[in-house]
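Structure file input_26.pdb (PDB, C-alpha atoms) is printed below.
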```pdb
MODEL        1
ATOM      1  CA  MET A   1     -54.949  63.470  -7.457
ATOM      2  CA  ILE A   2     -56.217  65.734  -4.676
ATOM      3  CA  GLU A   3     -53.339  68.060  -5.462
ATOM      4  CA  PHE A   4     -54.287  68.069  -9.146
ATOM      5  CA  LEU A   5     -57.935  68.857  -8.353
ATOM      6  CA  ALA A   6     -56.902  71.630  -5.981
ATOM      7  CA  MET A   7     -55.114  73.460  -8.845
ATOM      8  CA  GLY A   8     -52.816  75.229  -6.388
ATOM      9  CA  GLY A   9     -55.767  76.952  -4.726
ATOM     10  CA  TYR A  10     -57.328  78.050  -8.046
ATOM     11  CA  ALA A  11     -59.725  75.091  -8.338
ATOM     12  CA  PHE A  12     -62.859  77.284  -8.416
ATOM     13  CA  TYR A  13     -61.537  79.385 -11.303
ATOM     14  CA  VAL A  14     -59.882  76.624 -13.360
ATOM     15  CA  TRP A  15     -62.665  74.023 -12.956
ATOM     16  CA  GLY A  16     -65.319  76.718 -13.224
ATOM     17  CA  ALA A  17     -63.871  77.592 -16.640
ATOM     18  CA  TYR A  18     -63.376  74.007 -17.848
ATOM     19  CA  GLY A  19     -66.656  72.734 -16.380
ATOM     20  CA  VAL A  20     -68.918  75.386 -17.867
ATOM     21  CA  THR A  21     -67.131  75.105 -21.237
ATOM     22  CA  ALA A  22     -67.729  71.330 -21.268
ATOM     23  CA  ALA A  23     -71.361  71.832 -20.204
ATOM     24  CA  VAL A  24     -72.223  74.381 -22.912
ATOM     25  CA  ILE A  25     -70.569  72.218 -25.596
ATOM     26  CA  VAL A  26     -72.625  69.194 -24.462
ATOM     27  CA  ILE A  27     -75.759  71.395 -24.520
ATOM     28  CA  GLU A  28     -74.944  72.556 -28.069
ATOM     29  CA  ILE A  29     -74.439  68.973 -29.274
ATOM     30  CA  LEU A  30     -77.756  67.874 -27.699
ATOM     31  CA  ALA A  31     -79.476  70.936 -29.193
ATOM     32  CA  VAL A  32     -78.288  70.293 -32.767
ATOM     33  CA  ARG A  33     -79.266  66.632 -32.479
ATOM     34  CA  ALA A  34     -82.751  67.639 -31.302
ATOM     35  CA  ARG A  35     -82.951  70.165 -34.138
ATOM     36  CA  ARG A  36     -82.030  67.486 -36.690
ATOM     37  CA  ARG A  37     -84.660  65.086 -35.306
ATOM     38  CA  ALA A  38     -87.327  67.816 -35.380
ATOM     39  CA  ALA A  39     -86.367  68.764 -38.968
ATOM     40  CA  MET A  40     -86.648  65.120 -40.088
ATOM     41  CA  GLU A  41     -90.029  64.747 -38.379
ATOM     42  CA  GLU A  42     -91.342  67.973 -39.959
ATOM     43  CA  ALA A  43     -90.101  66.868 -43.393
ATOM     44  CA  ARG A  44     -91.758  63.494 -42.986
ATOM     45  CA  LEU A  45     -95.082  65.110 -42.031
ATOM     46  CA  ALA A  46     -94.815  67.487 -45.002
ATOM     47  CA  ALA A  47     -93.977  64.691 -47.450
ATOM     48  CA  PRO A  48     -96.559  62.927 -49.570
ATOM     49  CA  GLU A  49     -97.175  59.291 -48.642
ATOM     50  CA  ASP A  50     -94.984  57.953 -51.428
ATOM     51  CA  PRO A  51     -92.668  60.604 -52.847
ATOM     52  CA  THR A  52     -91.080  58.324 -55.435
ATOM     53  CA  PRO A  53     -92.968  58.589 -58.719
ATOM     54  CA  THR A  54     -94.196  55.141 -59.599
ATOM     55  CA  VAL A  55     -95.997  53.749 -62.578
ATOM     56  CA  VAL A  56     -99.418  52.522 -61.527
ATOM     57  CA  PRO A  57     -99.890  49.003 -62.930
ATOM     58  CA  GLY A  58    -102.683  48.989 -65.453
ATOM     59  CA  GLY A  59    -103.342  52.675 -64.839
ATOM     60  CA  ALA A  60    -103.773  55.244 -67.532
ATOM     61  CA  GLN A  61    -100.496  56.715 -68.871
TER      62      GLN A  61
ATOM     63  CA  MET B   1     -58.393  65.734 -61.126
ATOM     64  CA  ALA B   2     -60.490  68.872 -61.209
ATOM     65  CA  ILE B   3     -63.273  69.068 -58.677
ATOM     66  CA  ASN B   4     -66.344  70.970 -59.729
ATOM     67  CA  TRP B   5     -66.831  73.129 -56.631
ATOM     68  CA  TYR B   6     -69.930  74.784 -58.076
ATOM     69  CA  LYS B   7     -71.696  71.450 -57.869
ATOM     70  CA  TYR B   8     -71.547  71.686 -54.069
ATOM     71  CA  SER B   9     -73.256  75.075 -53.992
ATOM     72  CA  SER B  10     -76.513  73.168 -54.390
ATOM     73  CA  PRO B  11     -78.032  71.991 -51.083
ATOM     74  CA  ALA B  12     -78.901  68.605 -52.633
ATOM     75  CA  ALA B  13     -75.244  67.950 -53.547
ATOM     76  CA  PHE B  14     -73.796  69.477 -50.375
ATOM     77  CA  TYR B  15     -76.028  67.559 -47.948
ATOM     78  CA  PRO B  16     -74.391  64.121 -48.493
ATOM     79  CA  LEU B  17     -70.893  65.666 -48.712
ATOM     80  CA  ALA B  18     -71.388  67.390 -45.339
ATOM     81  CA  GLY B  19     -72.663  64.109 -43.916
ATOM     82  CA  ARG B  20     -69.444  62.360 -44.925
ATOM     83  CA  LEU B  21     -67.228  65.157 -43.540
ATOM     84  CA  ILE B  22     -68.852  65.441 -40.082
ATOM     85  CA  PRO B  23     -67.386  62.250 -38.515
ATOM     86  CA  TRP B  24     -63.847  63.175 -39.662
ATOM     87  CA  PHE B  25     -63.977  66.661 -38.172
ATOM     88  CA  GLY B  26     -65.938  65.547 -35.101
ATOM     89  CA  TRP B  27     -63.645  62.697 -34.096
ATOM     90  CA  SER B  28     -60.521  64.715 -34.931
ATOM     91  CA  ALA B  29     -61.827  67.450 -32.638
ATOM     92  CA  ALA B  30     -62.442  64.925 -29.832
ATOM     93  CA  LEU B  31     -58.963  63.378 -30.226
ATOM     94  CA  LEU B  32     -57.212  66.760 -30.360
ATOM     95  CA  THR B  33     -59.173  67.967 -27.323
ATOM     96  CA  ALA B  34     -58.023  64.893 -25.385
ATOM     97  CA  ILE B  35     -54.387  65.480 -26.399
ATOM     98  CA  GLY B  36     -54.693  69.214 -25.699
ATOM     99  CA  LEU B  37     -56.099  68.565 -22.216
ATOM    100  CA  VAL B  38     -53.259  66.145 -21.400
ATOM    101  CA  VAL B  39     -50.702  68.726 -22.553
ATOM    102  CA  GLY B  40     -52.479  71.686 -20.950
ATOM    103  CA  LEU B  41     -53.506  70.187 -17.613
ATOM    104  CA  GLY B  42     -50.879  67.462 -17.288
ATOM    105  CA  ILE B  43     -47.607  68.210 -19.053
ATOM    106  CA  ALA B  44     -47.393  72.021 -19.134
ATOM    107  CA  PRO B  45     -45.607  73.307 -16.000
ATOM    108  CA  THR B  46     -47.030  75.688 -13.405
ATOM    109  CA  ASP B  47     -46.648  79.345 -14.373
ATOM    110  CA  PHE B  48     -44.159  81.135 -12.127
ATOM    111  CA  GLN B  49     -46.352  84.250 -11.857
ATOM    112  CA  GLN B  50     -49.928  83.010 -12.074
ATOM    113  CA  GLY B  51     -49.604  79.524 -10.585
ATOM    114  CA  GLU B  52     -52.194  77.068 -11.899
ATOM    115  CA  ALA B  53     -54.724  79.804 -12.759
ATOM    116  CA  TYR B  54     -53.040  80.349 -16.133
ATOM    117  CA  ARG B  55     -54.338  76.937 -17.310
ATOM    118  CA  ILE B  56     -57.562  78.693 -18.291
ATOM    119  CA  ILE B  57     -55.560  79.932 -21.308
ATOM    120  CA  PHE B  58     -56.003  76.559 -23.052
ATOM    121  CA  ILE B  59     -59.717  77.226 -23.516
ATOM    122  CA  HIS B  60     -59.851  81.020 -23.293
ATOM    123  CA  VAL B  61     -57.562  81.878 -26.209
ATOM    124  CA  PRO B  62     -58.860  79.227 -28.665
ATOM    125  CA  ALA B  63     -62.481  80.234 -27.890
ATOM    126  CA  ALA B  64     -61.675  83.939 -28.280
ATOM    127  CA  TRP B  65     -59.940  83.327 -31.631
ATOM    128  CA  MET B  66     -62.858  81.192 -32.853
ATOM    129  CA  SER B  67     -65.407  83.805 -31.739
ATOM    130  CA  MET B  68     -63.802  86.416 -34.005
ATOM    131  CA  PHE B  69     -62.983  84.066 -36.875
ATOM    132  CA  LEU B  70     -66.474  82.529 -36.991
ATOM    133  CA  TYR B  71     -67.984  86.000 -37.153
ATOM    134  CA  LEU B  72     -65.902  86.788 -40.241
ATOM    135  CA  VAL B  73     -66.878  83.447 -41.813
ATOM    136  CA  MET B  74     -70.548  84.168 -41.066
ATOM    137  CA  ALA B  75     -70.227  87.649 -42.628
ATOM    138  CA  PHE B  76     -68.400  86.132 -45.636
ATOM    139  CA  TRP B  77     -71.217  83.638 -46.304
ATOM    140  CA  GLY B  78     -73.713  86.453 -45.799
ATOM    141  CA  ALA B  79     -71.888  88.539 -48.424
ATOM    142  CA  MET B  80     -71.904  85.549 -50.804
ATOM    143  CA  ALA B  81     -75.636  85.137 -50.242
ATOM    144  CA  LEU B  82     -76.236  88.850 -50.927
ATOM    145  CA  GLY B  83     -73.990  88.971 -53.983
ATOM    146  CA  PHE B  84     -74.840  85.699 -55.694
ATOM    147  CA  ASN B  85     -78.248  84.980 -54.139
ATOM    148  CA  THR B  86     -77.135  81.448 -53.255
ATOM    149  CA  ARG B  87     -79.317  79.638 -50.736
ATOM    150  CA  LEU B  88     -76.578  77.414 -49.362
ATOM    151  CA  SER B  89     -74.337  80.398 -48.477
ATOM    152  CA  ALA B  90     -77.165  81.902 -46.438
ATOM    153  CA  MET B  91     -77.771  78.556 -44.747
ATOM    154  CA  MET B  92     -74.078  78.339 -43.831
ATOM    155  CA  ALA B  93     -74.242  81.847 -42.332
ATOM    156  CA  GLN B  94     -77.373  80.817 -40.403
ATOM    157  CA  SER B  95     -75.643  77.653 -39.176
ATOM    158  CA  ILE B  96     -72.523  79.426 -37.873
ATOM    159  CA  ALA B  97     -74.286  82.042 -35.702
ATOM    160  CA  PRO B  98     -75.155  79.818 -32.682
ATOM    161  CA  THR B  99     -71.660  78.271 -32.552
ATOM    162  CA  GLY B 100     -70.107  81.727 -32.829
ATOM    163  CA  ALA B 101     -72.266  82.921 -29.940
ATOM    164  CA  LEU B 102     -71.211  79.852 -27.934
ATOM    165  CA  MET B 103     -67.493  80.528 -28.538
ATOM    166  CA  THR B 104     -67.977  84.183 -27.553
ATOM    167  CA  PHE B 105     -69.742  83.147 -24.351
ATOM    168  CA  ILE B 106     -66.923  80.700 -23.503
ATOM    169  CA  ALA B 107     -64.295  83.406 -24.145
ATOM    170  CA  LEU B 108     -66.133  85.865 -21.853
ATOM    171  CA  TRP B 109     -66.869  83.311 -19.135
ATOM    172  CA  THR B 110     -63.347  81.870 -18.953
ATOM    173  CA  GLY B 111     -61.838  85.355 -19.199
ATOM    174  CA  SER B 112     -63.933  86.467 -16.261
ATOM    175  CA  LEU B 113     -62.834  83.492 -14.151
ATOM    176  CA  TRP B 114     -59.238  84.169 -15.140
ATOM    177  CA  GLY B 115     -59.467  87.875 -14.406
ATOM    178  CA  ARG B 116     -60.576  87.449 -10.799
ATOM    179  CA  PRO B 117     -57.411  85.694  -9.480
ATOM    180  CA  THR B 118     -54.974  87.597 -11.738
ATOM    181  CA  TRP B 119     -56.410  91.130 -11.885
ATOM    182  CA  GLY B 120     -58.673  91.033  -8.839
ATOM    183  CA  THR B 121     -61.899  91.525 -10.798
ATOM    184  CA  TYR B 122     -64.327  89.385 -12.787
ATOM    185  CA  TRP B 123     -65.155  92.203 -15.154
ATOM    186  CA  ALA B 124     -63.950  95.627 -16.243
ATOM    187  CA  TRP B 125     -65.340  97.885 -18.950
ATOM    188  CA  ASP B 126     -62.082  97.958 -20.857
ATOM    189  CA  ALA B 127     -61.942  98.006 -24.652
ATOM    190  CA  ARG B 128     -61.135  94.309 -25.157
ATOM    191  CA  MET B 129     -63.850  92.992 -22.856
ATOM    192  CA  THR B 130     -66.487  95.498 -23.932
ATOM    193  CA  SER B 131     -65.926  94.870 -27.655
ATOM    194  CA  GLU B 132     -66.055  91.093 -27.083
ATOM    195  CA  LEU B 133     -69.357  91.556 -25.211
ATOM    196  CA  ILE B 134     -70.648  93.554 -28.200
ATOM    197  CA  LEU B 135     -69.627  90.584 -30.385
ATOM    198  CA  LEU B 136     -71.906  88.367 -28.278
ATOM    199  CA  PHE B 137     -74.760  90.867 -28.703
ATOM    200  CA  LEU B 138     -74.124  90.941 -32.481
ATOM    201  CA  TYR B 139     -74.397  87.153 -32.697
ATOM    202  CA  LEU B 140     -77.564  87.179 -30.556
ATOM    203  CA  GLY B 141     -78.907  90.058 -32.680
ATOM    204  CA  VAL B 142     -78.357  88.094 -35.908
ATOM    205  CA  ILE B 143     -80.120  85.048 -34.409
ATOM    206  CA  ALA B 144     -83.015  87.158 -33.076
ATOM    207  CA  LEU B 145     -83.368  89.026 -36.383
ATOM    208  CA  ARG B 146     -83.726  85.736 -38.259
ATOM    209  CA  ASN B 147     -86.357  84.507 -35.809
ATOM    210  CA  ALA B 148     -88.278  87.772 -36.213
ATOM    211  CA  ILE B 149     -88.626  87.466 -40.023
ATOM    212  CA  ASP B 150     -90.963  84.789 -41.357
ATOM    213  CA  ASP B 151     -89.745  84.712 -44.966
ATOM    214  CA  PRO B 152     -86.379  82.876 -44.919
ATOM    215  CA  ARG B 153     -85.005  84.643 -48.008
ATOM    216  CA  ARG B 154     -85.754  88.076 -46.542
ATOM    217  CA  ALA B 155     -84.233  86.917 -43.242
ATOM    218  CA  ASP B 156     -81.109  85.810 -45.169
ATOM    219  CA  ARG B 157     -80.620  89.306 -46.602
ATOM    220  CA  ALA B 158     -81.356  91.150 -43.354
ATOM    221  CA  CYS B 159     -78.978  88.902 -41.384
ATOM    222  CA  ALA B 160     -76.281  89.279 -44.058
ATOM    223  CA  VAL B 161     -76.467  93.081 -43.858
ATOM    224  CA  LEU B 162     -76.347  93.055 -40.040
ATOM    225  CA  SER B 163     -73.414  90.584 -40.112
ATOM    226  CA  LEU B 164     -71.473  92.741 -42.572
ATOM    227  CA  VAL B 165     -72.055  95.963 -40.641
ATOM    228  CA  GLY B 166     -71.085  94.209 -37.398
ATOM    229  CA  ALA B 167     -67.852  92.870 -38.930
ATOM    230  CA  ILE B 168     -66.250  96.262 -38.150
ATOM    231  CA  ASN B 169     -66.242  95.096 -34.518
ATOM    232  CA  VAL B 170     -63.796  92.235 -35.211
ATOM    233  CA  PRO B 171     -60.719  94.386 -35.982
ATOM    234  CA  ILE B 172     -61.747  96.591 -33.049
ATOM    235  CA  ILE B 173     -61.594  93.547 -30.738
ATOM    236  CA  TYR B 174     -58.329  92.369 -32.251
ATOM    237  CA  TYR B 175     -56.497  95.707 -32.038
ATOM    238  CA  SER B 176     -58.215  96.962 -28.856
ATOM    239  CA  VAL B 177     -55.221  95.995 -26.713
ATOM    240  CA  LYS B 178     -52.970  98.128 -28.950
ATOM    241  CA  TRP B 179     -55.258 101.099 -29.530
ATOM    242  CA  TRP B 180     -56.319 101.611 -25.935
ATOM    243  CA  ASN B 181     -54.841 101.097 -22.508
ATOM    244  CA  THR B 182     -56.616  97.954 -21.430
ATOM    245  CA  LEU B 183     -56.605  95.889 -18.294
ATOM    246  CA  HIS B 184     -56.487  92.956 -20.684
ATOM    247  CA  GLN B 185     -52.937  92.080 -21.645
ATOM    248  CA  GLY B 186     -51.575  92.428 -25.185
ATOM    249  CA  SER B 187     -51.210  89.481 -27.550
ATOM    250  CA  SER B 188     -49.017  86.634 -26.317
ATOM    251  CA  VAL B 189     -48.855  85.160 -29.805
ATOM    252  CA  SER B 190     -48.506  87.041 -33.067
ATOM    253  CA  LEU B 191     -47.448  86.244 -36.598
ATOM    254  CA  THR B 192     -44.682  88.843 -36.597
ATOM    255  CA  ALA B 193     -42.847  88.211 -33.307
ATOM    256  CA  ALA B 194     -41.638  85.280 -31.228
ATOM    257  CA  PRO B 195     -44.342  84.072 -28.824
ATOM    258  CA  LYS B 196     -44.056  85.386 -25.275
ATOM    259  CA  MET B 197     -44.731  82.020 -23.678
ATOM    260  CA  ALA B 198     -43.065  78.651 -23.100
ATOM    261  CA  ALA B 199     -43.051  76.252 -26.060
ATOM    262  CA  ILE B 200     -45.041  73.510 -24.293
ATOM    263  CA  MET B 201     -47.740  76.007 -23.242
ATOM    264  CA  LEU B 202     -47.908  77.312 -26.820
ATOM    265  CA  THR B 203     -48.150  73.734 -28.129
ATOM    266  CA  GLY B 204     -51.100  72.960 -25.850
ATOM    267  CA  MET B 205     -52.848  76.167 -26.846
ATOM    268  CA  LEU B 206     -52.374  75.532 -30.564
ATOM    269  CA  ILE B 207     -53.645  71.933 -30.267
ATOM    270  CA  MET B 208     -56.752  73.211 -28.461
ATOM    271  CA  SER B 209     -57.171  75.869 -31.155
ATOM    272  CA  VAL B 210     -57.164  73.292 -33.961
ATOM    273  CA  ALA B 211     -59.627  71.222 -31.887
ATOM    274  CA  ALA B 212     -61.895  74.303 -31.617
ATOM    275  CA  TRP B 213     -61.702  74.747 -35.399
ATOM    276  CA  PHE B 214     -62.611  71.133 -36.095
ATOM    277  CA  TYR B 215     -65.414  71.184 -33.517
ATOM    278  CA  SER B 216     -66.852  74.360 -35.052
ATOM    279  CA  ILE B 217     -66.675  72.888 -38.571
ATOM    280  CA  ALA B 218     -68.302  69.617 -37.461
ATOM    281  CA  VAL B 219     -71.147  71.228 -35.519
ATOM    282  CA  SER B 220     -71.782  73.851 -38.244
ATOM    283  CA  LEU B 221     -72.010  71.135 -40.910
ATOM    284  CA  TYR B 222     -74.315  69.101 -38.654
ATOM    285  CA  ARG B 223     -76.555  72.119 -38.070
ATOM    286  CA  VAL B 224     -76.562  73.162 -41.738
ATOM    287  CA  ARG B 225     -77.848  69.707 -42.677
ATOM    288  CA  ALA B 226     -80.775  70.199 -40.302
ATOM    289  CA  ILE B 227     -81.322  73.696 -41.758
ATOM    290  CA  ILE B 228     -81.297  72.284 -45.323
ATOM    291  CA  VAL B 229     -84.010  69.780 -44.350
ATOM    292  CA  GLU B 230     -85.992  72.514 -42.538
ATOM    293  CA  ARG B 231     -85.905  74.861 -45.523
ATOM    294  CA  GLU B 232     -86.082  72.382 -48.420
ATOM    295  CA  ARG B 233     -88.682  70.078 -46.931
ATOM    296  CA  ASP B 234     -90.887  70.389 -50.022
ATOM    297  CA  ALA B 235     -88.119  69.190 -52.336
ATOM    298  CA  ALA B 236     -88.468  65.665 -53.682
ATOM    299  CA  TRP B 237     -84.867  64.750 -52.826
ATOM    300  CA  VAL B 238     -85.477  65.653 -49.150
ATOM    301  CA  ASN B 239     -88.633  63.550 -49.065
ATOM    302  CA  ALA B 240     -86.696  60.634 -50.548
ATOM    303  CA  LEU B 241     -83.908  60.751 -47.915
ATOM    304  CA  PRO B 242     -83.810  57.479 -45.972
ATOM    305  CA  GLU B 243     -83.455  59.412 -42.665
ATOM    306  CA  VAL B 244     -86.662  61.331 -43.454
ATOM    307  CA  ARG B 245     -88.526  58.221 -44.609
ATOM    308  CA  ALA B 246     -87.482  56.267 -41.517
ATOM    309  CA  THR B 247     -88.443  58.693 -38.743
TER     310      THR B 247
ENDMDL
END
```
Please re-express this file's structure in structure tokens.
Amino acid sequence: MIEFLAMGGYAFYVWGAYGVTAAVIVIEILAVRARRRAAMEEARLAAPEDPTPTVVPGGAQ
Amino acid sequence: MAINWYKYSSPAAFYPLAGRLIPWFGWSAALLTAIGLVVGLGIAPTDFQQGEAYRIIFIHVPAAWMSMFLYLVMAFWGAMALGFNTRLSAMMAQSIAPTGALMTFIALWTGSLWGRPTWGTYWAWDARMTSELILLFLYLGVIALRNAIDDPRRADRACAVLSLVGAINVPIIYYSVKWWNTLHQGSSVSLTAAPKMAAIMLTGMLIMSVAAWFYSIAVSLYRVRAIIVERERDAAWVNALPEVRAT
């Protein structure tokens, strides 16, 4: 295990590459999830109270 | 059975389709990444010249391929948006830019960490590295241009034009190692010649490449769904979405 982590003396370069790649991918996934949540919230705030057209009972037309 | 592809050029029809596709591409990407890491870090033998440092190849090459390919896809959707004035094409182009920039950053970062032990330097202004850095600036330029223009439809056209002009950089990156004397090595894999690497190493690299494709598709579809909701928030079908009603 120690030998595997040491990467034959290249640990800094190999794990530096793999680690930063994993980190930026996690950041992108968190960012798109946050963007989706924000978009949903904005859409909800922009929406009328009841967007489905309903027939008002006893109302005109 | 004939599928009416034109139907899916409407954001309202594409939104649920994209939602169904995301888990397939996302989980396939995760599974392939796991297999690729086992092959690349576990099974593939130590390189007789570079030792363990060569293992950076399993992320460097897939990310570099994706960085160029995603740019062409972004420019293609931009051209579609310019030619046919389709909103969804422009949204796809908008969705791809951040992931393309991410892949370009990964290619540059891992290349730099690979260059130090093998060439003795993190960076050199050779044609391959410089043109890949320009690719990063093009992606960031497209993103910044969109943020600078308030009207989304005008931003679509401006970004499409910049993407198309910048597409000239992709063949320059690809052929840079042939056209100029570069510190960067030539292609190890090409369509016209036998690969210059061991079969197990090639297998690991190809698995990681397919994983990078599936990841990029999944995250682009996820982002384009958010973009559709951002840009179509006044549409009745968006207001009626359960995920909008529930938040």
Define the interface residues of chain A facing chain B as those within 6 Å, counting only C-alpha atoms, and report them as a CSV table (one decimal) with C-alpha atoms, keeping the file's coordinate frame.
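Done, and the output landed in part_24.csv:
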```csv
chain,number,residue,atom,x,y,z
A,7,MET,CA,-55.1,73.5,-8.8
A,8,GLY,CA,-52.8,75.2,-6.4
A,10,TYR,CA,-57.3,78.0,-8.0
A,13,TYR,CA,-61.5,79.4,-11.3
A,14,VAL,CA,-59.9,76.6,-13.4
A,17,ALA,CA,-63.9,77.6,-16.6
A,32,VAL,CA,-78.3,70.3,-32.8
A,36,ARG,CA,-82.0,67.5,-36.7
A,39,ALA,CA,-86.4,68.8,-39.0
A,40,MET,CA,-86.6,65.1,-40.1
A,43,ALA,CA,-90.1,66.9,-43.4
A,44,ARG,CA,-91.8,63.5,-43.0
A,47,ALA,CA,-94.0,64.7,-47.4
```
Expanded to explicit residues, what is the PyMOL selection byres ((chain B and resi 133-144) around 6) for this file, as a short mmCIF file (atom, residue, chain, number, x, y, z; two decimals) with C-alpha atoms, keeping the file's coordinate frame?
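Result file follows (part.cif):
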```
data_model
loop_
_atom_site.label_atom_id
_atom_site.label_comp_id
_atom_site.auth_asym_id
_atom_site.auth_seq_id
_atom_site.Cartn_x
_atom_site.Cartn_y
_atom_site.Cartn_z
CA ALA B 97 -74.29 82.04 -35.70
CA ALA B 101 -72.27 82.92 -29.94
CA THR B 104 -67.98 84.18 -27.55
CA THR B 130 -66.49 95.50 -23.93
CA SER B 131 -65.93 94.87 -27.66
CA GLU B 132 -66.06 91.09 -27.08
CA LEU B 145 -83.37 89.03 -36.38
CA ARG B 146 -83.73 85.74 -38.26
CA ASN B 147 -86.36 84.51 -35.81
CA CYS B 159 -78.98 88.90 -41.38
#
```
*asked:* Given all atoms listed in the file as the basis, pick out the residue of B:Gly26, B:Met68, B:Leu37, B:Leu202 nearest to Ala22 in chain A.
replied: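 Counting all atoms listed in the file, the residue closest to Ala22 in chain A is B:Leu37.
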*Pick from B:Ile35, B:Leu108, B:Ile173, B:Ala158, whichever lies nearest to Tyr71 in chain B using only C-alpha atoms*: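 Closest residue, counting only C-alpha atoms: B:Ile173.
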Shell of 10 Å around Leu21 in chain B, all atoms listed in the file, local chain residues under 3 positions omitted, as a PDB file with C-alpha atoms, keeping the file's coordinate frame:
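Resulting contents of part_31.pdb:
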```pdb
ATOM      1  CA  PRO B  16     -74.391  64.121 -48.493  1.00  0.00           C
ATOM      2  CA  LEU B  17     -70.893  65.666 -48.712  1.00  0.00           C
ATOM      3  CA  ALA B  18     -71.388  67.390 -45.339  1.00  0.00           C
ATOM      4  CA  TRP B  24     -63.847  63.175 -39.662  1.00  0.00           C
ATOM      5  CA  PHE B  25     -63.977  66.661 -38.172  1.00  0.00           C
ATOM      6  CA  GLY B  26     -65.938  65.547 -35.101  1.00  0.00           C
ATOM      7  CA  ILE B 217     -66.675  72.888 -38.571  1.00  0.00           C
ATOM      8  CA  ALA B 218     -68.302  69.617 -37.461  1.00  0.00           C
ATOM      9  CA  LEU B 221     -72.010  71.135 -40.910  1.00  0.00           C
ATOM     10  CA  TYR B 222     -74.315  69.101 -38.654  1.00  0.00           C
TER      11      TYR B 222
END
```
Using all atoms of range 183-188 of chain B that appear in the file, construct an axis-aligned enclosing box with 4 Å of padding on every side and provide its centre coordinates and edge lengths in Å, rounded to one decimal, as JSON.
```
{"center_x": -52.8, "center_y": 91.3, "center_z": -22.9, "size_x": 15.6, "size_y": 17.3, "size_z": 17.3}
```
*For Ala155 in chain B, which of B:Gly40, B:Pro23, B:Gly83, B:Gly78 is the closest residue, counting all atoms listed in the file?*
B:Gly78
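Here CA of Phe48 in chain B and CA of Ser209 in chain B stand 23.6 Å from one another.
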*Using CA of Gly100 in chain B and CA of Leu70 in chain B as the two end points, give the distance in Å to one decimal.*
5.6 Å
*Could you please determine the separation between CA of Arg157 in chain B and CA of Ala81 in chain B in Å, to one decimal place?*
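Interatomic distance here is 7.4 Å.
Neighbours of Ser10 in chain B closer than or equal to 10 Å, with all atoms listed in the file counted and sequence neighbours fewer than 4 positions away skipped, come out as Trp5, Tyr6, Phe14, Tyr15, Thr86, Arg87, Leu88 and Ser89 of chain B.
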